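Trainee: Provided herewith: input.pdb, PDB, C-alpha atoms and all ligand atoms.
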```pdb
ATOM      1  CA  MET K 128       9.268  10.051 -23.529
ATOM      2  CA  LEU K 129       7.392   6.839 -22.911
ATOM      3  CA  GLY K 130       4.131   8.475 -24.043
ATOM      4  CA  ALA K 131       5.615   8.893 -27.524
ATOM      5  CA  LEU K 132       6.630   5.247 -27.712
ATOM      6  CA  ILE K 133       3.191   4.122 -26.542
ATOM      7  CA  GLY K 134       1.484   6.331 -29.121
ATOM      8  CA  ASP K 135       3.752   5.015 -31.856
ATOM      9  CA  PHE K 136       3.220   1.400 -30.780
ATOM     10  CA  ILE K 137      -0.587   1.661 -30.668
ATOM     11  CA  GLY K 138      -0.748   3.756 -33.840
ATOM     12  CA  SER K 139       1.551   1.492 -35.873
ATOM     13  CA  VAL K 140      -1.225  -0.807 -37.107
ATOM     14  CA  HIS K 141      -3.416   2.172 -38.097
ATOM     15  CA  GLU K 142      -0.844   4.129 -40.129
ATOM     16  CA  PHE K 143      -2.244   3.143 -43.523
ATOM     17  CA  ALA K 144      -5.654   1.928 -42.364
ATOM     18  CA  ALA K 145      -7.411   5.312 -42.356
ATOM     19  CA  THR K 146      -9.129   4.417 -39.076
ATOM     20  CA  LYS K 147     -11.847   7.048 -38.587
ATOM     21  CA  THR K 148     -13.216   5.985 -35.216
ATOM     22  CA  LYS K 149     -12.102   6.226 -31.587
ATOM     23  CA  ASP K 150     -13.781   2.894 -30.811
ATOM     24  CA  PHE K 151     -11.154   0.601 -32.319
ATOM     25  CA  SER K 152     -10.421  -2.567 -30.398
ATOM     26  CA  PRO K 153      -8.201  -3.822 -28.946
ATOM     27  CA  LEU K 154      -6.384  -0.657 -27.876
ATOM     28  CA  VAL K 155      -3.040  -2.428 -28.284
ATOM     29  CA  HIS K 156      -3.271  -4.684 -31.329
ATOM     30  CA  PRO K 157      -1.303  -7.974 -31.227
ATOM     31  CA  SER K 158       0.544  -6.866 -34.395
ATOM     32  CA  ALA K 159       1.542  -3.476 -32.932
ATOM     33  CA  GLN K 160       5.239  -2.630 -33.223
ATOM     34  CA  PHE K 161       7.694   0.185 -32.643
ATOM     35  CA  THR K 162       8.444   2.249 -35.723
ATOM     36  CA  ASP K 163      10.748   5.094 -36.718
ATOM     37  CA  ASP K 164       9.052   7.446 -34.216
ATOM     38  CA  SER K 165      10.231   5.360 -31.243
ATOM     39  CA  VAL K 166      13.691   4.674 -32.645
ATOM     40  CA  LEU K 167      14.406   8.375 -33.196
ATOM     41  CA  THR K 168      12.843   9.464 -29.888
ATOM     42  CA  CYS K 169      15.405   7.222 -28.185
ATOM     43  CA  ALA K 170      18.144   8.601 -30.445
ATOM     44  CA  VAL K 171      17.184  12.166 -29.474
ATOM     45  CA  ALA K 172      17.192  11.181 -25.788
ATOM     46  CA  GLU K 173      20.725   9.771 -26.033
ATOM     47  CA  ALA K 174      21.959  12.719 -28.095
ATOM     48  CA  LEU K 175      20.683  15.255 -25.564
ATOM     49  CA  LEU K 176      21.995  13.228 -22.611
ATOM     50  CA  ALA K 177      25.416  13.436 -24.263
ATOM     51  CA  SER K 178      24.962  17.174 -25.030
ATOM     52  CA  GLU K 179      25.518  16.499 -28.713
ATOM     53  CA  ARG K 180      25.034  19.032 -31.473
ATOM     54  CA  ALA K 181      24.669  19.082 -35.267
ATOM     55  CA  GLU K 182      26.757  16.356 -36.930
ATOM     56  CA  ALA K 183      27.091  14.339 -33.734
ATOM     57  CA  ILE K 184      23.291  14.132 -33.579
ATOM     58  CA  ALA K 185      23.195  13.172 -37.256
ATOM     59  CA  ARG K 186      25.625  10.345 -36.498
ATOM     60  CA  ARG K 187      23.430   9.302 -33.557
ATOM     61  CA  PHE K 188      20.355   9.180 -35.833
ATOM     62  CA  LYS K 189      22.251   7.058 -38.335
ATOM     63  CA  SER K 190      23.512   4.652 -35.717
ATOM     64  CA  TRP K 191      20.010   4.062 -34.293
ATOM     65  CA  GLY K 192      18.337   4.082 -37.698
ATOM     66  CA  ARG K 193      20.669   1.536 -39.255
ATOM     67  CA  ARG K 194      20.164  -0.726 -36.233
ATOM     68  CA  TYR K 195      16.424  -0.767 -37.097
ATOM     69  CA  PRO K 196      16.387  -0.808 -40.901
ATOM     70  CA  ARG K 197      12.765  -1.884 -41.325
ATOM     71  CA  CYS K 198      10.468   0.231 -39.250
ATOM     72  CA  GLY K 199       8.536   2.478 -41.587
ATOM     73  CA  TRP K 200      11.110   5.100 -42.501
ATOM     74  CA  GLY K 201       9.976   7.924 -44.728
ATOM     75  CA  LEU K 202      11.442   7.759 -48.215
ATOM     76  CA  ARG K 203      13.719  10.771 -47.966
ATOM     77  CA  PHE K 204      14.864   9.993 -44.442
ATOM     78  CA  ARG K 205      15.789   6.459 -45.511
ATOM     79  CA  GLU K 206      17.856   7.836 -48.380
ATOM     80  CA  TRP K 207      19.628  10.167 -45.963
ATOM     81  CA  LEU K 208      20.028   7.372 -43.403
ATOM     82  CA  TRP K 209      22.016   5.159 -45.762
ATOM     83  CA  SER K 210      23.931   7.993 -47.440
ATOM     84  CA  SER K 211      27.325   9.176 -46.209
ATOM     85  CA  THR K 212      26.253  12.783 -45.639
ATOM     86  CA  LEU K 213      25.848  14.315 -42.190
ATOM     87  CA  LEU K 214      24.202  17.440 -43.626
ATOM     88  CA  PRO K 215      20.476  18.220 -43.325
ATOM     89  CA  TYR K 216      18.132  17.898 -46.285
ATOM     90  CA  GLY K 217      15.674  20.742 -45.753
ATOM     91  CA  SER K 218      12.830  18.545 -44.551
ATOM     92  CA  TYR K 219       9.565  19.837 -43.128
ATOM     93  CA  GLY K 220       8.268  16.325 -42.525
ATOM     94  CA  ASN K 221       6.669  15.476 -39.188
ATOM     95  CA  GLY K 222       9.767  13.488 -38.181
ATOM     96  CA  SER K 223      11.183  16.497 -36.328
ATOM     97  CA  ALA K 224       8.110  16.625 -34.065
ATOM     98  CA  MET K 225       7.606  12.890 -33.526
ATOM     99  CA  ARG K 226      11.047  12.528 -31.925
ATOM    100  CA  VAL K 227      11.287  15.777 -29.937
ATOM    101  CA  SER K 228       9.706  14.944 -26.559
ATOM    102  CA  PRO K 229      12.997  14.252 -24.702
ATOM    103  CA  ALA K 230      13.919  17.902 -25.332
ATOM    104  CA  ALA K 231      10.874  19.010 -23.357
ATOM    105  CA  LEU K 232      11.471  16.570 -20.518
ATOM    106  CA  LEU K 233      15.081  17.705 -20.066
ATOM    107  CA  ALA K 234      14.462  21.448 -20.457
ATOM    108  CA  ARG K 235      14.397  23.601 -17.328
ATOM    109  CA  SER K 236      12.693  26.541 -19.000
ATOM    110  CA  ARG K 237      10.501  27.448 -21.953
ATOM    111  CA  GLU K 238      13.516  28.954 -23.724
ATOM    112  CA  GLU K 239      15.559  25.805 -23.227
ATOM    113  CA  ALA K 240      12.700  23.618 -24.503
ATOM    114  CA  LEU K 241      12.537  25.676 -27.695
ATOM    115  CA  GLU K 242      16.319  25.720 -28.082
ATOM    116  CA  LEU K 243      16.741  21.964 -27.533
ATOM    117  CA  ALA K 244      13.871  21.307 -29.944
ATOM    118  CA  ARG K 245      15.619  23.374 -32.616
ATOM    119  CA  ILE K 246      18.892  21.548 -31.962
ATOM    120  CA  THR K 247      17.232  18.146 -32.455
ATOM    121  CA  ALA K 248      15.354  19.231 -35.593
ATOM    122  CA  GLU K 249      18.179  20.918 -37.509
ATOM    123  CA  PRO K 250      20.418  17.909 -38.250
ATOM    124  CA  THR K 251      17.801  16.744 -40.806
ATOM    125  CA  HIS K 252      14.723  19.012 -40.676
ATOM    126  CA  ASP K 253      16.302  22.430 -41.146
ATOM    127  CA  HIS K 254      13.347  23.848 -43.095
ATOM    128  CA  PRO K 255      11.632  26.579 -41.003
ATOM    129  CA  GLU K 256       8.449  24.467 -40.883
ATOM    130  CA  GLY K 257      10.425  21.443 -39.673
ATOM    131  CA  ILE K 258      11.903  23.489 -36.847
ATOM    132  CA  ARG K 259       8.593  25.157 -36.014
ATOM    133  CA  GLY K 260       6.843  21.769 -35.786
ATOM    134  CA  ALA K 261       9.416  20.408 -33.369
ATOM    135  CA  GLN K 262       9.345  23.552 -31.245
ATOM    136  CA  ALA K 263       5.544  23.698 -31.063
ATOM    137  CA  ALA K 264       5.334  20.037 -30.000
ATOM    138  CA  ALA K 265       8.077  20.508 -27.404
ATOM    139  CA  LEU K 266       6.492  23.683 -26.051
ATOM    140  CA  ALA K 267       3.165  21.885 -25.563
ATOM    141  CA  VAL K 268       4.882  19.110 -23.569
ATOM    142  CA  HIS K 269       6.902  21.627 -21.561
ATOM    143  CA  LEU K 270       3.827  23.656 -20.598
ATOM    144  CA  ALA K 271       1.893  20.499 -19.689
ATOM    145  CA  LEU K 272       4.790  19.392 -17.479
ATOM    146  CA  GLN K 273       4.549  22.790 -15.764
ATOM    147  CA  GLY K 274       0.937  21.946 -14.917
ATOM    148  CA  GLU K 275      -0.622  24.478 -17.295
ATOM    149  CA  ALA K 276      -4.274  23.896 -18.192
ATOM    150  CA  ALA K 277      -5.305  22.933 -21.720
ATOM    151  CA  ASP K 278      -6.601  26.422 -22.542
ATOM    152  CA  ALA K 279      -3.377  28.079 -21.453
ATOM    153  CA  ILE K 280      -1.287  25.579 -23.428
ATOM    154  CA  ARG K 281      -3.460  26.158 -26.508
ATOM    155  CA  GLN K 282      -3.088  29.928 -26.264
ATOM    156  CA  GLN K 283       0.656  29.885 -25.708
ATOM    157  CA  VAL K 284       1.476  27.324 -28.406
ATOM    158  CA  GLN K 285      -0.804  29.126 -30.826
ATOM    159  CA  ALA K 286       0.862  32.471 -30.072
ATOM    160  CA  PHE K 287       4.331  30.982 -30.507
ATOM    161  CA  SER K 288       3.721  28.888 -33.619
ATOM    162  CA  GLY K 289       0.876  30.593 -35.434
ATOM    163  CA  TYR K 290      -0.870  27.199 -35.676
ATOM    164  CA  ASP K 291      -4.659  27.339 -35.421
ATOM    165  CA  LEU K 292      -5.478  25.040 -32.510
ATOM    166  CA  SER K 293      -9.099  26.090 -32.087
ATOM    167  CA  ALA K 294     -10.871  23.167 -33.811
ATOM    168  CA  THR K 295     -12.167  20.095 -32.022
ATOM    169  CA  VAL K 296     -11.146  16.565 -33.001
ATOM    170  CA  ASP K 297     -14.646  15.943 -34.384
ATOM    171  CA  GLU K 298     -14.304  19.037 -36.558
ATOM    172  CA  ILE K 299     -10.891  18.013 -37.904
ATOM    173  CA  ARG K 300     -11.672  14.326 -38.583
ATOM    174  CA  PRO K 301     -14.120  14.349 -41.552
ATOM    175  CA  SER K 302     -11.837  16.141 -44.025
ATOM    176  CA  TYR K 303      -8.482  15.015 -42.606
ATOM    177  CA  ARG K 304      -6.260  12.978 -44.922
ATOM    178  CA  PHE K 305      -2.937  11.178 -44.560
ATOM    179  CA  ASN K 306      -0.203  13.808 -44.541
ATOM    180  CA  GLU K 307       3.400  13.713 -43.399
ATOM    181  CA  THR K 308       4.221  17.417 -43.162
ATOM    182  CA  CYS K 309       4.668  19.196 -39.861
ATOM    183  CA  GLN K 310       2.072  21.792 -40.867
ATOM    184  CA  GLN K 311      -0.657  19.172 -41.348
ATOM    185  CA  THR K 312       0.285  16.895 -38.458
ATOM    186  CA  VAL K 313       1.607  18.832 -35.486
ATOM    187  CA  PRO K 314      -1.349  21.201 -34.865
ATOM    188  CA  GLN K 315      -3.823  18.322 -35.237
ATOM    189  CA  ALA K 316      -1.838  16.097 -32.858
ATOM    190  CA  ILE K 317      -1.643  18.878 -30.273
ATOM    191  CA  VAL K 318      -5.425  19.337 -30.489
ATOM    192  CA  CYS K 319      -5.863  15.576 -29.927
ATOM    193  CA  ALA K 320      -3.895  15.828 -26.678
ATOM    194  CA  LEU K 321      -5.446  19.090 -25.457
ATOM    195  CA  ARG K 322      -9.044  17.963 -26.114
ATOM    196  CA  ALA K 323      -8.481  14.594 -24.399
ATOM    197  CA  THR K 324      -9.979  13.524 -21.088
ATOM    198  CA  ASP K 325      -7.147  11.101 -20.243
ATOM    199  CA  PHE K 326      -4.053   9.489 -21.791
ATOM    200  CA  GLU K 327      -5.937   6.752 -23.646
ATOM    201  CA  ASP K 328      -8.436   9.281 -24.993
ATOM    202  CA  ALA K 329      -5.592  11.329 -26.502
ATOM    203  CA  ILE K 330      -4.210   8.286 -28.319
ATOM    204  CA  ARG K 331      -7.694   7.331 -29.524
ATOM    205  CA  ASN K 332      -8.188  10.898 -30.775
ATOM    206  CA  ALA K 333      -4.928  10.742 -32.718
ATOM    207  CA  VAL K 334      -5.650   7.373 -34.334
ATOM    208  CA  SER K 335      -9.225   8.409 -35.163
ATOM    209  CA  LEU K 336      -8.073  11.162 -37.553
ATOM    210  CA  GLY K 337      -7.295   8.433 -40.070
ATOM    211  CA  GLY K 338      -3.890   9.853 -40.999
ATOM    212  CA  ASP K 339      -0.251   9.144 -40.139
ATOM    213  CA  ALA K 340      -1.568   7.483 -37.001
ATOM    214  CA  ASP K 341       1.635   6.375 -35.312
ATOM    215  CA  THR K 342       3.192   9.808 -35.672
ATOM    216  CA  LEU K 343       0.040  11.722 -34.677
ATOM    217  CA  ALA K 344      -0.100   9.525 -31.565
ATOM    218  CA  ALA K 345       3.643   9.840 -30.940
ATOM    219  CA  ILE K 346       3.242  13.641 -30.862
ATOM    220  CA  ALA K 347       0.017  13.631 -28.817
ATOM    221  CA  GLY K 348       1.304  10.910 -26.442
ATOM    222  CA  PRO K 349       3.948  12.867 -24.526
ATOM    223  CA  ILE K 350       1.640  15.894 -24.159
ATOM    224  CA  ALA K 351      -1.033  13.601 -22.729
ATOM    225  CA  GLU K 352       1.540  11.877 -20.527
ATOM    226  CA  ALA K 353       2.499  15.259 -19.094
ATOM    227  CA  ARG K 354      -1.149  16.212 -18.562
ATOM    228  CA  PHE K 355      -2.573  12.959 -17.175
ATOM    229  CA  GLY K 356       0.159  10.397 -16.625
ATOM    230  CA  ILE K 357       0.054   6.961 -18.263
ATOM    231  CA  PRO K 358      -2.132   4.092 -17.012
ATOM    232  CA  ALA K 359       0.308   1.684 -15.332
ATOM    233  CA  GLU K 360      -1.090  -1.382 -17.087
ATOM    234  CA  LEU K 361      -0.603   0.235 -20.516
ATOM    235  CA  ALA K 362       2.908   1.391 -19.600
ATOM    236  CA  ARG K 363       3.816  -2.157 -18.584
ATOM    237  CA  GLN K 364       2.365  -3.677 -21.747
ATOM    238  CA  VAL K 365       4.442  -1.451 -24.011
ATOM    239  CA  TRP K 366       7.548  -1.521 -21.789
ATOM    240  CA  ASP K 367       7.520  -5.324 -22.002
ATOM    241  CA  ALA K 368       7.640  -5.072 -25.801
ATOM    242  CA  MET K 369      10.580  -2.620 -25.835
ATOM    243  CA  PRO K 370      14.045  -3.832 -26.816
ATOM    244  CA  ASP K 371      16.824  -3.306 -24.262
ATOM    245  CA  ASP K 372      18.414  -0.313 -25.989
ATOM    246  CA  MET K 373      15.100   1.593 -25.968
ATOM    247  CA  ARG K 374      14.478   0.766 -22.295
ATOM    248  CA  ASP K 375      17.971   1.907 -21.421
ATOM    249  CA  ALA K 376      17.600   5.216 -23.302
ATOM    250  CA  MET K 377      14.231   5.927 -21.662
ATOM    251  CA  ALA K 378      15.441   4.993 -18.165
ATOM    252  CA  ARG K 379      18.444   7.319 -18.449
ATOM    253  CA  LEU K 380      16.305  10.114 -19.911
ATOM    254  CA  TYR K 381      13.889  10.186 -16.952
ATOM    255  CA  GLU K 382      16.730   9.823 -14.465
ATOM    256  CA  GLN K 383      18.554  12.812 -15.941
ATOM    257  CA  ALA K 384      15.312  14.813 -15.928
ATOM    258  CA  GLY K 385      14.836  14.007 -12.232
ATOM    259  CA  ARG K 386      11.473  12.379 -12.875
ATOM    260  CA  PRO K 387      10.430   8.797 -12.154
ATOM    261  CA  LEU K 388       9.769   6.506 -15.097
ATOM    262  CA  PRO K 389       5.991   6.068 -15.481
ATOM    263  CA  ALA K 390       4.837   3.318 -13.118
ATOM    264  CA  ARG K 391       4.242  -0.123 -14.647
ATOM    265  CA  VAL K 392       2.136  -2.922 -13.134
TER     266      VAL K 392
HETATM  267 MG    MG G 401       6.288   5.669 -37.836
END
```
Render the structure in this file as structure tokens.
Mentor:
Amino acid sequence: MLGALIGDFIGSVHEFAATKTKDFSPLVHPSAQFTDDSVLTCAVAEALLASERAEAIARRFKSWGRRYPRCGWGLRFREWLWSSTLLPYGSYGNGSAMRVSPAALLARSREEALELARITAEPTHDHPEGIRGAQAAALAVHLALQGEAADAIRQQVQAFSGYDLSATVDEIRPSYRFNETCQQTVPQAIVCALRATDFEDAIRNAVSLGGDADTLAAIAGPIAEARFGIPAELARQVWDAMPDDMRDAMARLYEQAGRPLPARV
């Protein structure tokens, strides 16, 4: 979803900066760029639009990934990307959750959201924590798209995943450190979106944890998009920076989901 790409784009310059404040400026830094989170979100969108499974999705990830060789790939994913295997590597990295939002947008039920999330995780992240992270993130987006309130989303995602989502962003921030596992990224990112007052606030929450900022924001972004919508000026700014293949994947994703692309002015 576009909210994931916007989160990734804004967060990209903060990934290794350990930014610990919400008051960073400008919101969209001139050096901001799309990273692996955006590339694979588009790959997941295309894979689901084509009803792909397993090895076909792995091939889709490799085709998109090799087209964008330098965009912050994790070490193990990059090894897999350039290898000849189409088998998963047992990952529980946050990559399964950062790319999952198209599953939630396309799903027509809670069960389908969870099933599509599992299908998009398993080609690489077949560790139970990798699958759980993707499913929890997708469930949060799905429930937000259904118009559920933050408290109801928190309760349901917590009950499904076992994640503790009770802390506030201010409570998480002081001791939070850079971490690329699902277990230490997904619950925090969900909290950032559920505690937010609007879309921008969710992204600022995610960056302010001082961790894997682009991925935290790429997970929080689509939840916040579903809750609040995206400011049209921000959507335009990031859309203008998107390459054609990403625009095309996003346009077809929203069309298939029967939802308008976020407005851009
Ligand atoms: Mg990234």
Trainee: Select, from K:Pro153, K:Gly338, K:Pro370, K:Gly130, the residue with the minimum atom-to-atom distance to Arg300 (chain K), counting all atoms listed in the file.
Mentor: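 Smallest distance to Arg300 (chain K) is found for K:Gly338.
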Trainee: Given a cut-off of 10 Å, what residues near ligand MG 401 (chain G) show up using all atoms listed in the file, put as a list of chain:residue names?
Mentor: K:Gly134, K:Asp135, K:Phe136, K:Gly138, K:Ser139, K:Val140, K:Glu142, K:Gln160, K:Phe161, K:Thr162, K:Asp163, K:Asp164, K:Ser165, K:Val166, K:Leu167, K:Cys198, K:Gly199, K:Trp200, K:Gly201, K:Asn221, K:Gly222, K:Met225, K:Asp339, K:Ala340, K:Asp341, K:Thr342, K:Leu343, K:Ala344, K:Ala345
Trainee: Can you tell me how far CA of Ala224 (chain K) sits from CA of Gly260 (chain K), in Å to one decimal?
Mentor: 5.6 Å
Trainee: Please write out, as AutoDock Vina command-line options, where the centre of an axis-aligned box around all listed atoms of region 244-253 of chain K lies and how long its edges are, in Å to one decimal, after adding 5 Å on each side.
Mentor:
```
--center_x 17.1 --center_y 20.1 --center_z -35.5 --size_x 16.5 --size_y 16.6 --size_z 21.2
```
Trainee: Would you please work out which residue, of K:Arg187, K:His141, K:His269, K:Lys149, is nearest to Leu232 (chain K) when using all atoms listed in the file?
Mentor: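 Nearest to Leu232 (chain K): K:His269.
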Trainee: With the PyMOL selection byres (((chain K and resi 287-294) around 12) and not hetatm) as the selection, what would be picked from this file? Answer as JSON, numbers by chain, please.
Mentor: {"K": [237, 238, 241, 255, 256, 257, 258, 259, 260, 261, 262, 263, 264, 265, 266, 267, 277, 278, 279, 280, 281, 282, 283, 284, 285, 286, 295, 296, 297, 298, 299, 300, 309, 310, 311, 312, 313, 314, 315, 316, 317, 318, 319, 320, 321, 322]}
Trainee: With all atoms listed in the file as the atoms that count, which of K:Val334, K:Ala329, K:Ala183, K:Val155 lies nearest to Phe305 (chain K)?
Mentor: K:Val334
Trainee: As an exercise, work out the distance from CA of Gln383 (chain K) to CA of Glu179 (chain K) in Å and give it to one decimal place.
Mentor: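 We find that CA of Gln383 (chain K) and CA of Glu179 (chain K) lie 15.0 Å from each other.
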Trainee: From (16.1, 7.3, -46.5), in the file's coordinates, out to 12 Å: which residues are reached, counting only C-alpha atoms? Answer as a list in words.
Mentor: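 Looking at atoms near the point gives Asp163, Phe188, Lys189, Gly192, Arg193, Pro196, Arg197, Cys198, Gly199, Trp200, Gly201, Leu202, Arg203, Phe204, Arg205, Glu206, Trp207, Leu208, Trp209, Ser210, Ser211, Thr212, Tyr216, Ser218 and Thr251 of chain K.
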Trainee: Assuming the chain letters and numbering stay as they are in my file, what does the PyMOL selection byres (((chain K and resi 357) around 12) and not hetatm) actually select? List them as number ranges by chain.
Mentor: K: 128-134, 325-330, 348-356, 358-366, 388-392
Trainee: From the list K:Arg386, K:Ser228, K:Pro215, K:Met377, which residue is nearest His254 (chain K) when using all atoms listed in the file?
Mentor: K:Pro215
